[in-house]
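The file protein_16.tsv comes next; it holds TSV, C-alpha atoms and all ligand atoms.
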chain	number	residue	atom	x	y	z
J	560	MET	CA	22.55	130.10	105.09
J	561	LYS	CA	25.82	130.26	107.02
J	562	TYR	CA	28.40	127.57	106.11
J	563	LEU	CA	26.56	126.94	102.85
J	564	ASP	CA	26.09	130.16	100.88
J	565	GLU	CA	29.73	131.21	101.21
J	566	PHE	CA	30.78	127.86	99.73
J	567	ARG	CA	28.45	128.41	96.75
J	568	ASP	CA	29.43	132.04	96.19
J	569	PRO	CA	29.59	132.59	92.38
J	570	LYS	CA	32.13	135.44	92.67
J	571	LEU	CA	34.49	133.36	94.76
J	572	ALA	CA	34.01	130.39	92.42
J	573	LYS	CA	34.86	132.57	89.39
J	574	TYR	CA	37.94	133.92	91.15
J	575	LEU	CA	39.18	130.39	91.93
J	576	ILE	CA	38.52	129.15	88.38
J	577	GLU	CA	40.58	132.03	86.99
J	578	LYS	CA	43.39	131.29	89.46
J	579	ILE	CA	43.45	127.57	88.54
J	580	ASN	CA	43.37	128.22	84.81
J	581	LYS	CA	46.14	130.83	85.11
J	582	ILE	CA	48.60	128.51	86.85
J	583	ALA	CA	47.83	125.30	84.92
J	584	SER	CA	50.68	125.29	82.42
J	585	LYS	CA	50.79	121.53	81.86
J	586	LYS	CA	48.25	118.72	81.57
J	587	TRP	CA	47.24	117.37	84.98
J	588	ALA	CA	44.74	114.67	85.91
J	589	ILE	CA	43.15	115.10	89.34
J	590	MET	CA	41.02	112.33	90.84
J	591	GLU	CA	38.22	113.23	93.24
J	592	LEU	CA	37.81	110.18	95.42
J	593	CYS	CA	34.24	110.63	96.65
J	594	GLY	CA	31.04	110.11	94.66
J	595	GLY	CA	29.54	113.16	96.39
J	596	GLN	CA	32.39	115.25	95.00
J	597	THR	CA	31.78	113.78	91.53
J	598	HIS	CA	28.17	114.95	91.73
J	599	THR	CA	29.24	118.49	92.71
J	600	ILE	CA	31.66	118.62	89.76
J	601	ILE	CA	29.08	117.44	87.25
J	602	GLN	CA	26.11	119.33	88.76
J	603	TYR	CA	27.93	122.69	88.69
J	604	GLY	CA	29.84	121.98	85.46
J	605	ILE	CA	33.16	122.55	87.24
J	606	ASP	CA	35.05	120.28	84.85
J	607	GLN	CA	33.76	122.32	81.88
J	608	LEU	CA	34.91	125.61	83.40
J	609	LEU	CA	38.47	124.45	83.96
J	610	SER	CA	41.32	124.90	81.50
J	611	GLU	CA	41.73	121.99	79.09
J	612	ASN	CA	44.97	121.27	80.94
J	613	ILE	CA	42.98	119.99	83.93
J	614	GLU	CA	41.11	116.71	83.68
J	615	MET	CA	38.91	115.56	86.54
J	616	ILE	CA	38.93	111.76	86.92
J	617	HIS	CA	36.13	110.21	88.95
J	618	GLY	CA	37.41	107.77	91.54
J	619	PRO	CA	36.00	104.71	93.30
J	620	GLY	CA	34.55	106.55	96.31
J	621	CYS	CA	30.94	105.48	95.91
J	622	PRO	CA	30.32	102.77	98.51
J	623	VAL	CA	27.29	101.28	96.81
J	624	CYS	CA	29.20	101.07	93.51
J	625	VAL	CA	32.16	99.11	94.86
J	626	THR	CA	30.08	96.59	96.83
J	627	PRO	CA	30.64	93.23	95.07
J	628	LEU	CA	27.67	91.71	93.28
J	629	GLU	CA	27.96	88.50	95.31
J	630	VAL	CA	27.57	90.50	98.53
J	631	ILE	CA	24.34	92.02	97.16
J	632	ASP	CA	23.12	88.56	96.09
J	633	ARG	CA	23.98	87.23	99.55
J	634	ALA	CA	22.00	90.07	101.17
J	635	ILE	CA	18.96	89.34	98.97
J	636	GLU	CA	19.20	85.62	99.74
J	637	ILE	CA	19.24	86.31	103.51
J	638	ALA	CA	16.46	88.92	103.23
J	639	LYS	CA	14.15	86.30	101.64
J	640	ARG	CA	14.40	83.92	104.61
J	641	LYS	CA	11.22	83.51	106.62
J	642	ASN	CA	12.50	84.44	110.08
J	643	VAL	CA	14.55	87.45	108.94
J	644	ILE	CA	13.90	91.19	109.18
J	645	PHE	CA	16.39	92.73	106.77
J	646	THR	CA	17.36	96.36	107.40
J	647	SER	CA	19.31	98.72	105.19
J	648	PHE	CA	19.78	102.34	104.20
J	649	GLY	CA	17.48	103.17	101.29
J	650	ASP	CA	20.25	103.46	98.69
J	651	MET	CA	20.97	99.70	98.72
J	652	LEU	CA	17.39	98.66	97.96
J	653	ARG	CA	17.52	99.30	94.22
J	654	VAL	CA	21.06	98.09	93.61
J	655	PRO	CA	20.61	95.20	91.19
J	656	GLY	CA	21.81	91.76	92.18
J	657	SER	CA	22.28	89.07	89.53
J	658	ASN	CA	18.52	88.46	89.21
J	659	GLU	CA	16.66	90.94	91.41
J	660	ASP	CA	17.10	93.70	93.98
J	661	LEU	CA	16.05	94.05	97.61
J	662	LEU	CA	13.00	96.10	96.61
J	663	LYS	CA	11.76	93.25	94.39
J	664	ALA	CA	12.39	90.80	97.24
J	665	LYS	CA	10.32	93.09	99.48
J	666	SER	CA	7.50	93.24	96.91
J	667	LEU	CA	7.47	89.42	96.90
J	668	GLY	CA	7.01	89.29	100.68
J	669	ALA	CA	10.47	89.61	102.24
J	670	ASP	CA	10.49	91.76	105.41
J	671	VAL	CA	12.90	94.44	104.16
J	672	ARG	CA	12.89	97.71	106.09
J	673	ILE	CA	14.66	101.02	105.48
J	674	VAL	CA	16.40	102.40	108.58
J	675	TYR	CA	18.20	105.69	109.07
J	676	SER	CA	20.79	104.36	111.52
J	677	PRO	CA	22.21	100.90	112.33
J	678	LEU	CA	21.17	101.54	115.95
J	679	GLU	CA	17.56	101.55	114.73
J	680	ALA	CA	18.16	97.99	113.50
J	681	VAL	CA	19.35	96.98	116.99
J	682	LYS	CA	16.14	98.48	118.39
J	683	ILE	CA	14.09	96.38	115.93
J	684	ALA	CA	16.04	93.28	117.02
J	685	LYS	CA	15.31	94.00	120.68
J	686	ALA	CA	11.59	94.39	119.93
J	687	ASN	CA	11.46	91.18	117.85
J	688	PRO	CA	13.39	88.52	119.77
J	689	GLN	CA	11.79	85.71	117.75
J	690	LYS	CA	13.27	87.07	114.50
J	691	GLU	CA	16.81	87.45	113.17
J	692	VAL	CA	17.49	91.11	112.32
J	693	VAL	CA	20.23	91.78	109.78
J	694	PHE	CA	21.72	95.17	108.87
J	695	PHE	CA	23.47	95.77	105.54
J	696	ALA	CA	26.68	97.55	106.63
J	697	VAL	CA	28.12	99.06	103.47
J	698	GLY	CA	30.48	101.95	103.10
J	699	PHE	CA	33.84	103.61	103.66
J	700	GLU	CA	35.42	104.78	106.90
J	701	THR	CA	32.65	107.38	107.22
J	702	THR	CA	29.86	104.91	108.02
J	703	ALA	CA	32.00	102.22	109.64
J	704	PRO	CA	32.04	103.68	113.20
J	705	ALA	CA	28.21	103.70	113.43
J	706	ASN	CA	28.11	100.11	112.14
J	707	ALA	CA	30.73	99.08	114.71
J	708	MET	CA	28.82	100.95	117.41
J	709	ALA	CA	25.62	99.02	116.59
J	710	ILE	CA	27.42	95.69	117.10
J	711	LYS	CA	28.97	96.87	120.37
J	712	HIS	CA	25.60	98.22	121.53
J	713	ALA	CA	23.83	94.93	120.70
J	714	SER	CA	26.55	93.04	122.56
J	715	ASP	CA	26.31	95.34	125.61
J	716	LEU	CA	22.51	94.86	125.66
J	717	GLY	CA	22.81	91.09	125.25
J	718	VAL	CA	20.85	91.25	121.97
J	719	THR	CA	21.87	88.08	120.12
J	720	ASN	CA	19.38	88.13	117.22
J	721	PHE	CA	21.19	91.00	115.48
J	722	SER	CA	23.92	90.67	112.85
J	723	GLU	CA	25.48	92.63	110.00
J	724	ILE	CA	26.51	91.84	106.43
J	725	VAL	CA	29.69	93.84	106.35
J	726	SER	CA	31.15	95.29	103.17
J	727	GLN	CA	33.29	98.09	104.58
J	728	VAL	CA	36.20	99.38	102.51
J	729	LEU	CA	39.16	101.65	103.21
J	730	VAL	CA	40.39	104.54	101.05
J	731	PRO	CA	44.22	104.49	101.38
J	732	PRO	CA	44.75	100.95	99.96
J	733	ALA	CA	42.50	101.84	96.99
J	734	MET	CA	44.59	104.95	96.31
J	735	GLU	CA	47.74	102.82	96.29
J	736	ALA	CA	46.09	100.26	93.98
J	737	ILE	CA	45.23	103.07	91.53
J	738	LEU	CA	48.74	104.54	91.73
J	739	ASN	CA	50.35	101.12	91.21
J	740	SER	CA	48.19	100.30	88.17
J	741	PRO	CA	50.09	100.35	84.84
J	742	LEU	CA	47.12	102.33	83.45
J	743	ASN	CA	47.33	105.02	86.14
J	744	ARG	CA	46.94	108.62	84.92
J	745	VAL	CA	46.31	110.29	88.28
J	746	ASN	CA	48.67	113.15	89.20
J	747	GLY	CA	46.86	114.36	92.31
J	748	PHE	CA	43.97	113.42	94.59
J	749	LEU	CA	41.13	115.28	96.24
J	750	ALA	CA	40.50	113.08	99.30
J	751	ALA	CA	37.00	112.80	100.75
J	752	GLY	CA	36.37	115.34	103.50
J	753	HIS	CA	33.98	113.19	105.52
J	754	VAL	CA	36.32	110.16	105.49
J	755	CYS	CA	39.15	112.38	106.74
J	756	THR	CA	36.88	113.86	109.42
J	757	VAL	CA	36.74	110.34	110.88
J	758	MET	CA	40.23	109.03	110.05
J	759	GLY	CA	42.26	112.26	109.87
J	760	TYR	CA	44.82	112.61	107.12
J	761	TRP	CA	47.96	111.20	108.70
J	762	GLU	CA	47.38	107.95	106.76
J	763	TYR	CA	47.80	109.83	103.47
J	764	GLU	CA	51.15	111.40	104.28
J	765	PRO	CA	53.27	108.30	103.43
J	766	ILE	CA	51.32	107.90	100.15
J	767	ALA	CA	51.94	111.53	99.11
J	768	GLU	CA	55.62	111.07	99.85
J	769	LYS	CA	56.07	107.60	98.30
J	770	TYR	CA	54.31	108.42	95.01
J	771	SER	CA	55.08	112.18	94.88
J	772	VAL	CA	51.39	112.87	94.57
J	773	PRO	CA	49.59	115.87	96.10
J	774	ILE	CA	46.64	114.82	98.28
J	775	VAL	CA	44.11	117.48	99.29
J	776	PRO	CA	41.33	116.45	101.71
J	777	THR	CA	38.44	118.49	100.31
J	778	GLY	CA	34.82	119.36	101.15
J	779	PHE	CA	31.79	118.97	98.91
J	780	GLU	CA	30.52	122.42	97.96
J	781	PRO	CA	31.63	124.06	94.68
J	782	VAL	CA	34.02	126.52	96.36
J	783	ASP	CA	35.50	123.67	98.42
J	784	MET	CA	36.10	121.67	95.26
J	785	LEU	CA	37.64	124.59	93.38
J	786	GLU	CA	39.94	125.44	96.27
J	787	GLY	CA	40.95	121.76	96.51
J	788	ILE	CA	41.71	121.65	92.78
J	789	TYR	CA	43.68	124.90	93.06
J	790	LEU	CA	45.82	123.57	95.93
J	791	ALA	CA	46.52	120.30	94.07
J	792	VAL	CA	47.40	122.06	90.78
J	793	LYS	CA	49.60	124.59	92.61
J	794	GLN	CA	51.62	121.76	94.18
J	795	LEU	CA	51.93	119.98	90.83
J	796	GLU	CA	53.11	123.15	89.08
J	797	GLU	CA	55.65	123.76	91.85
J	798	GLY	CA	56.87	120.14	91.72
J	799	ILE	CA	56.02	119.40	95.34
J	800	ALA	CA	53.69	116.82	96.88
J	801	PHE	CA	52.25	116.71	100.36
J	802	VAL	CA	48.91	116.49	102.17
J	803	GLU	CA	47.21	119.88	102.33
J	804	ASN	CA	43.94	120.20	104.22
J	805	GLN	CA	41.29	122.23	102.35
J	806	TYR	CA	38.44	121.13	104.65
J	807	SER	CA	39.91	122.53	107.84
J	808	ARG	CA	36.47	123.50	109.18
J	809	SER	CA	35.84	119.78	109.69
J	810	ILE	CA	39.12	117.84	109.58
J	811	LYS	CA	42.05	117.65	111.96
J	812	ARG	CA	45.18	115.63	111.19
J	813	GLU	CA	44.51	112.89	113.76
J	814	GLY	CA	40.76	112.64	112.95
J	815	ASN	CA	38.09	111.49	115.39
J	816	GLU	CA	39.88	109.24	117.86
J	817	ALA	CA	36.70	107.95	119.53
J	818	ALA	CA	35.40	106.79	116.14
J	819	GLN	CA	38.74	105.15	115.31
J	820	ASN	CA	38.73	103.36	118.68
J	821	ILE	CA	35.31	101.79	118.11
J	822	LEU	CA	36.55	100.56	114.71
J	823	LYS	CA	39.52	98.89	116.40
J	824	GLU	CA	37.25	97.37	119.05
J	825	VAL	CA	34.84	95.64	116.63
J	826	PHE	CA	36.54	95.29	113.24
J	827	GLN	CA	39.77	93.92	111.82
J	828	ILE	CA	41.53	94.87	108.60
J	829	GLU	CA	41.13	92.24	105.83
J	830	ASP	CA	41.73	91.74	102.11
J	831	LYS	CA	38.59	92.92	100.28
J	832	LYS	CA	37.13	92.56	96.83
J	833	TRP	CA	35.98	95.82	95.21
J	834	ARG	CA	33.36	95.62	92.48
J	835	GLY	CA	34.92	96.45	89.13
J	836	ILE	CA	38.43	96.60	90.58
J	837	GLY	CA	39.04	93.19	92.15
J	838	GLU	CA	40.71	92.21	95.38
J	839	ILE	CA	42.86	94.82	97.10
J	840	PRO	CA	45.02	93.55	99.98
J	841	GLN	CA	44.17	94.89	103.43
J	842	SER	CA	41.54	97.23	101.99
J	843	GLY	CA	38.48	96.39	104.05
J	844	LEU	CA	37.05	95.82	107.49
J	845	GLY	CA	35.51	92.61	108.76
J	846	ILE	CA	34.05	91.72	112.16
J	847	ASN	CA	36.74	90.44	114.51
J	848	LYS	CA	36.74	87.19	116.52
J	849	LYS	CA	35.39	88.83	119.69
J	850	TYR	CA	32.18	89.90	117.89
J	851	GLU	CA	31.91	87.08	115.31
J	852	ASN	CA	28.43	86.13	116.58
J	853	TYR	CA	27.26	89.37	114.95
J	854	ASP	CA	28.64	88.42	111.55
J	855	ALA	CA	25.73	87.53	109.22
J	856	ALA	CA	28.16	85.85	106.82
J	857	LEU	CA	28.90	83.27	109.54
J	858	LYS	CA	25.35	83.11	110.91
J	859	PHE	CA	23.70	82.39	107.54
J	860	ASP	CA	25.03	79.74	105.19
J	861	VAL	CA	24.95	81.46	101.78
J	862	THR	CA	28.53	81.09	100.62
J	863	SER	CA	27.89	79.19	97.37
J	864	ILE	CA	26.45	82.15	95.44
J	865	LYS	CA	27.79	82.59	91.90
J	866	THR	CA	27.39	85.95	90.19
J	867	GLU	CA	27.56	87.33	86.70
J	868	GLU	CA	28.06	90.98	85.77
J	869	SER	CA	26.35	92.52	82.73
J	870	LYS	CA	28.62	92.01	79.73
J	871	LEU	CA	27.82	95.53	78.53
J	872	CYS	CA	28.83	97.29	81.75
J	873	ILE	CA	32.25	98.95	81.97
J	874	SER	CA	31.76	100.36	85.47
J	875	GLY	CA	35.06	98.78	86.58
J	876	GLU	CA	36.95	101.00	84.16
J	877	ILE	CA	34.90	104.00	85.25
J	878	LEU	CA	35.59	103.29	88.92
J	879	GLN	CA	39.33	103.23	88.22
J	880	GLY	CA	39.17	106.45	86.22
J	881	ASN	CA	40.12	104.83	82.90
J	882	LYS	CA	36.86	105.68	81.12
J	883	LYS	CA	34.09	108.27	81.43
J	884	PRO	CA	30.41	107.18	81.60
J	885	PHE	CA	29.56	108.49	78.11
J	886	GLU	CA	32.22	106.14	76.72
J	887	CYS	CA	30.08	103.16	77.76
J	888	PRO	CA	28.08	101.97	74.70
J	889	ALA	CA	25.10	101.20	76.97
J	890	PHE	CA	24.99	104.67	78.62
J	891	GLY	CA	21.52	106.17	78.23
J	892	LYS	CA	20.47	103.32	75.93
J	893	GLU	CA	20.27	99.87	77.52
J	894	CYS	CA	21.35	101.43	80.85
J	895	SER	CA	19.55	104.26	82.64
J	896	PRO	CA	18.41	104.91	86.24
J	897	VAL	CA	15.10	103.20	85.37
J	898	ASN	CA	16.93	100.12	84.10
J	899	PRO	CA	20.44	100.22	85.59
J	900	LEU	CA	22.88	97.57	84.40
J	901	GLY	CA	25.62	98.48	86.86
J	902	ALA	CA	25.91	100.03	90.30
J	903	THR	CA	27.43	103.30	89.01
J	904	MET	CA	24.06	104.03	87.42
J	905	VAL	CA	21.79	102.97	90.27
J	906	SER	CA	23.61	104.65	93.10
J	907	ASN	CA	22.94	108.33	93.75
J	908	GLU	CA	26.68	108.77	94.15
J	909	GLY	CA	27.63	106.83	91.02
J	910	ALA	CA	29.42	108.60	88.17
J	911	CYS	CA	27.05	107.20	85.51
J	912	ALA	CA	24.02	108.45	87.48
J	913	ALA	CA	25.62	111.90	87.77
J	914	TYR	CA	26.33	112.13	84.04
J	915	TYR	CA	22.79	110.96	83.26
J	916	LYS	CA	21.09	113.25	85.79
J	917	TYR	CA	22.92	116.36	84.61
J	918	ASN	CA	22.48	115.63	80.93
J	919	ARG	CA	26.11	114.98	80.10
J	920	TYR	CA	24.77	112.39	77.73
J	921	LYS	CA	22.99	115.01	75.60
J	922	TYR	CA	25.81	117.53	75.94
J	923	LEU	CA	28.46	115.16	74.73
J	924	VAL	CA	26.37	113.56	72.03
J	925	ASN	CA	25.71	117.05	70.63
J	926	GLN	CA	29.43	117.85	70.33
F	1001	LIG	S1	26.29	103.32	81.85
F	1001	LIG	FE1	25.47	101.51	82.88
F	1001	LIG	S2	26.33	99.79	81.78
F	1001	LIG	FE2	27.58	101.58	81.31
F	1001	LIG	S3	29.20	101.58	82.84
F	1001	LIG	FE3	27.58	102.87	83.63
F	1001	LIG	S4	26.40	101.45	84.91
F	1001	LIG	FE4	27.64	100.17	83.57
Please render this file's structure as structure tokens.
Ligand code: SF4
Amino acid sequence: MKYLDEFRDPKLAKYLIEKINKIASKKWAIMELCGGQTHTIIQYGIDQLLSENIEMIHGPGCPVCVTPLEVIDRAIEIAKRKNVIFTSFGDMLRVPGSNEDLLKAKSLGADVRIVYSPLEAVKIAKANPQKEVVFFAVGFETTAPANAMAIKHASDLGVTNFSEIVSQVLVPPAMEAILNSPLNRVNGFLAAGHVCTVMGYWEYEPIAEKYSVPIVPTGFEPVDMLEGIYLAVKQLEEGIAFVENQYSRSIKREGNEAAQNILKEVFQIEDKKWRGIGEIPQSGLGINKKYENYDAALKFDVTSIKTEESKLCISGEILQGNKKPFECPAFGKECSPVNPLGATMVSNEGACAAYYKYNRYKYLVNQ
């Protein structure tokens, strides 16, 4: 299939692996920012084919994983109210809150529905004027424009029984938080291709310059990943650092201006708490004053929720790249996709789920 097979070409992949391993003369740690990229690396064993000088660190780019527990608890609390139709993408339904998940709430009678677009939730609101319809708007810059569009669309239609629980986060402040951490080991980044398709990569240029760190916006297929790693390692070996676009078939420097404009229209930049990492200044999007009637956090009074993370879970350290999933004592024992203790196991994009799915548990235990 065009645009797929050539990016999974084994000959090209082998050629790139040889090129990377040939130039890697020192130890370098490269962080892939997106959970989808983590899955490609683990699924195809890319990390195992690279020279021992290259370590791939899995970053915080899994939106479900970084959504704070109290936001999930708040969503479940709202979903259980009698007059509410709660809508969400399917991946949020099994993310555990402190006591239950949305699927359990649904099994106990809550009207929880999976939608494939936030605009579908607006349609449900229009068809059910006697109900309050809430959409769970979680994600990075990739999903934010559609969530903003749904609010604008509801406003244009005069639909007032629609609102969103917003937990939208931004990549550049998280990169700076990682680079500023005293524990930081990251020498170069593979930025997420889809985020850059929306936002462009101009935002990353000051970061590359300030921290002397190569940043390569990269796609998601194995050949994309290998080319991204090659470009990052080449810069590191040459002692230079700039933003180099691997995913040029999708990204332009300025990004998608229409998508950025709808973000500016509906959202405002705010301090945001990231699960496992803590609060990062100016790292998220919230609904602005003009559209505050569509903010479920204001519409529903559920601010007093107290949460408690599993004491066994070290997903915070995994999300910051300080530990690998198999270093968690609960990995594959108390914690598995059937009984996830933390979001990095329950989410399809989570690093723990990737290591479990592709048997990195068995592989490493057998070493
Ligand atoms: S294996 Fe489970 S408990 Fe351990 S860090 Fe991952 S999600 Fe948390």
Residues within 8 Å of region 868-870 of chain J, please, as a PyMOL selection string. Count all atoms listed in the file; anything in the same chain fewer than 5 positions from it doesn't count.
chain J and resi 628+657+900-901
Could you list, as a ChimeraX atom specification, all protein and nucleic acid residues with an atom at most 12 Å from ligand LIG 1001 (chain F), counting all atoms listed in the file?
/J:623-625,654-655,834-835,868-916,919-920
As lines of an AutoDock Vina configuration file, what would the box around region 890-898 of chain J look like: edges along x, y and z, 4 Å added on every side, centre and edge lengths in Å to one decimal?
center_x = 20.0
center_y = 103.0
center_z = 81.1
size_x = 17.9
size_y = 14.3
size_z = 18.3
Interatomic distance between CA of Gly717 (chain J) and CA of Asp670 (chain J)?
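Interatomic distance here is 23.4 Å.
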Give me, as a PDB file with C-alpha atoms, in the frame of the given file, all polymer residues having an atom no more than 8 Å from Gly656 (chain J), counting all atoms listed in the file and skipping those fewer than 6 positions away in the same chain.
ATOM      1  CA  LEU J 628      27.670  91.710  93.280  1.00  0.00           C
ATOM      2  CA  GLU J 629      27.960  88.500  95.310  1.00  0.00           C
ATOM      3  CA  ILE J 631      24.340  92.020  97.160  1.00  0.00           C
ATOM      4  CA  ASP J 632      23.120  88.560  96.090  1.00  0.00           C
ATOM      5  CA  ILE J 635      18.960  89.340  98.970  1.00  0.00           C
TER       6      ILE J 635
END
Dump as a list of chain:residue names all residues having an atom at most 12 Å from (38.4, 97.7, 120.0), computed in the file's coordinates with all atoms listed in the file.
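Checking each residue against the 12 Å limit leaves J:Pro704, J:Ala707, J:Met708, J:Ile710, J:Lys711, J:Glu816, J:Ala817, J:Ala818, J:Gln819, J:Asn820, J:Ile821, J:Leu822, J:Lys823, J:Glu824, J:Val825, J:Phe826, J:Gln827, J:Ile846, J:Asn847, J:Lys848, J:Lys849, J:Tyr850.
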Could you pull the residues within 7 Å of Met758 (chain J), counting all atoms listed in the file, minus those fewer than 6 positions along the same chain, as a list of chain:residue names?
J:Glu813, J:Gly814, J:Asn815, J:Gln819
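Between CA of Gly747 (chain J) and CA of Phe801 (chain J) lies a distance of 10.0 Å.
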Between CA of Gly604 (chain J) and CA of Leu575 (chain J) - distance in Å to one decimal:
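If I compute the distance from CA of Leu575 (chain J) to CA of Gly604 (chain J), I get 14.1 Å.
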Excluding Arg633 (chain J) and its own-chain neighbours fewer than 3 positions away, which residues fall within 8 Å of it when counting all atoms listed in the file? Please give them as a list of chain:residue names.
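Counting all atoms listed in the file, the residues come to J:Glu629, J:Val630, J:Glu636, J:Ile637, J:Val861, J:Thr862, J:Ile864.
Closest to Gly668 (chain J) among J:Asn642, J:Gln841, J:Asn852, J:Gln602 is J:Asn642, based on all atoms listed in the file.
Using only C-alpha atoms for every distance, the candidate list J:Val754, J:Leu661, J:Leu795, J:Ala855 yields J:Leu795 as the residue closest to Ser584 (chain J).
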Kindly indicate which residue among J:Asn743, J:Ser676, J:Thr646, J:Thr719 lies nearest to Ile616 (chain J), using only C-alpha atoms for the distances.
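Closest to Ile616 (chain J), using only C-alpha atoms: J:Asn743.
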Leaving out Glu764 (chain J) and any residue of its chain fewer than 5 positions from it, which residues lie within 9 Å of it when counting all atoms listed in the file, given as number ranges by chain?
J: 769, 774, 801-802
Given the selection you just returned, output its residues as a file containing C-alpha atoms, formatted as a CSV table (one decimal), in the frame of the given file.
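result-v2.csv was written with the following content:
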chain,number,residue,atom,x,y,z
J,769,LYS,CA,56.1,107.6,98.3
J,774,ILE,CA,46.6,114.8,98.3
J,801,PHE,CA,52.2,116.7,100.4
J,802,VAL,CA,48.9,116.5,102.2
Using all atoms listed in the file: which of J:Ile613, J:Ala709, J:Leu571, J:Ala750 has the shortest distance to Lys585 (chain J):
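Going through J:Ile613, J:Ala709, J:Leu571, J:Ala750 one by one, the smallest distance to Lys585 (chain J) is for J:Ile613.
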Pick the closest to Pro732 (chain J) from J:Ile839, J:Met784, J:Leu678, J:Leu667: which is it, counting only C-alpha atoms?
J:Ile839
Which of these, J:Tyr789, J:Phe779, J:Tyr770, J:Phe699, has the shortest distance to Val757 (chain J) once you count only C-alpha atoms?
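Counting only C-alpha atoms, the residue closest to Val757 (chain J) is J:Phe699.
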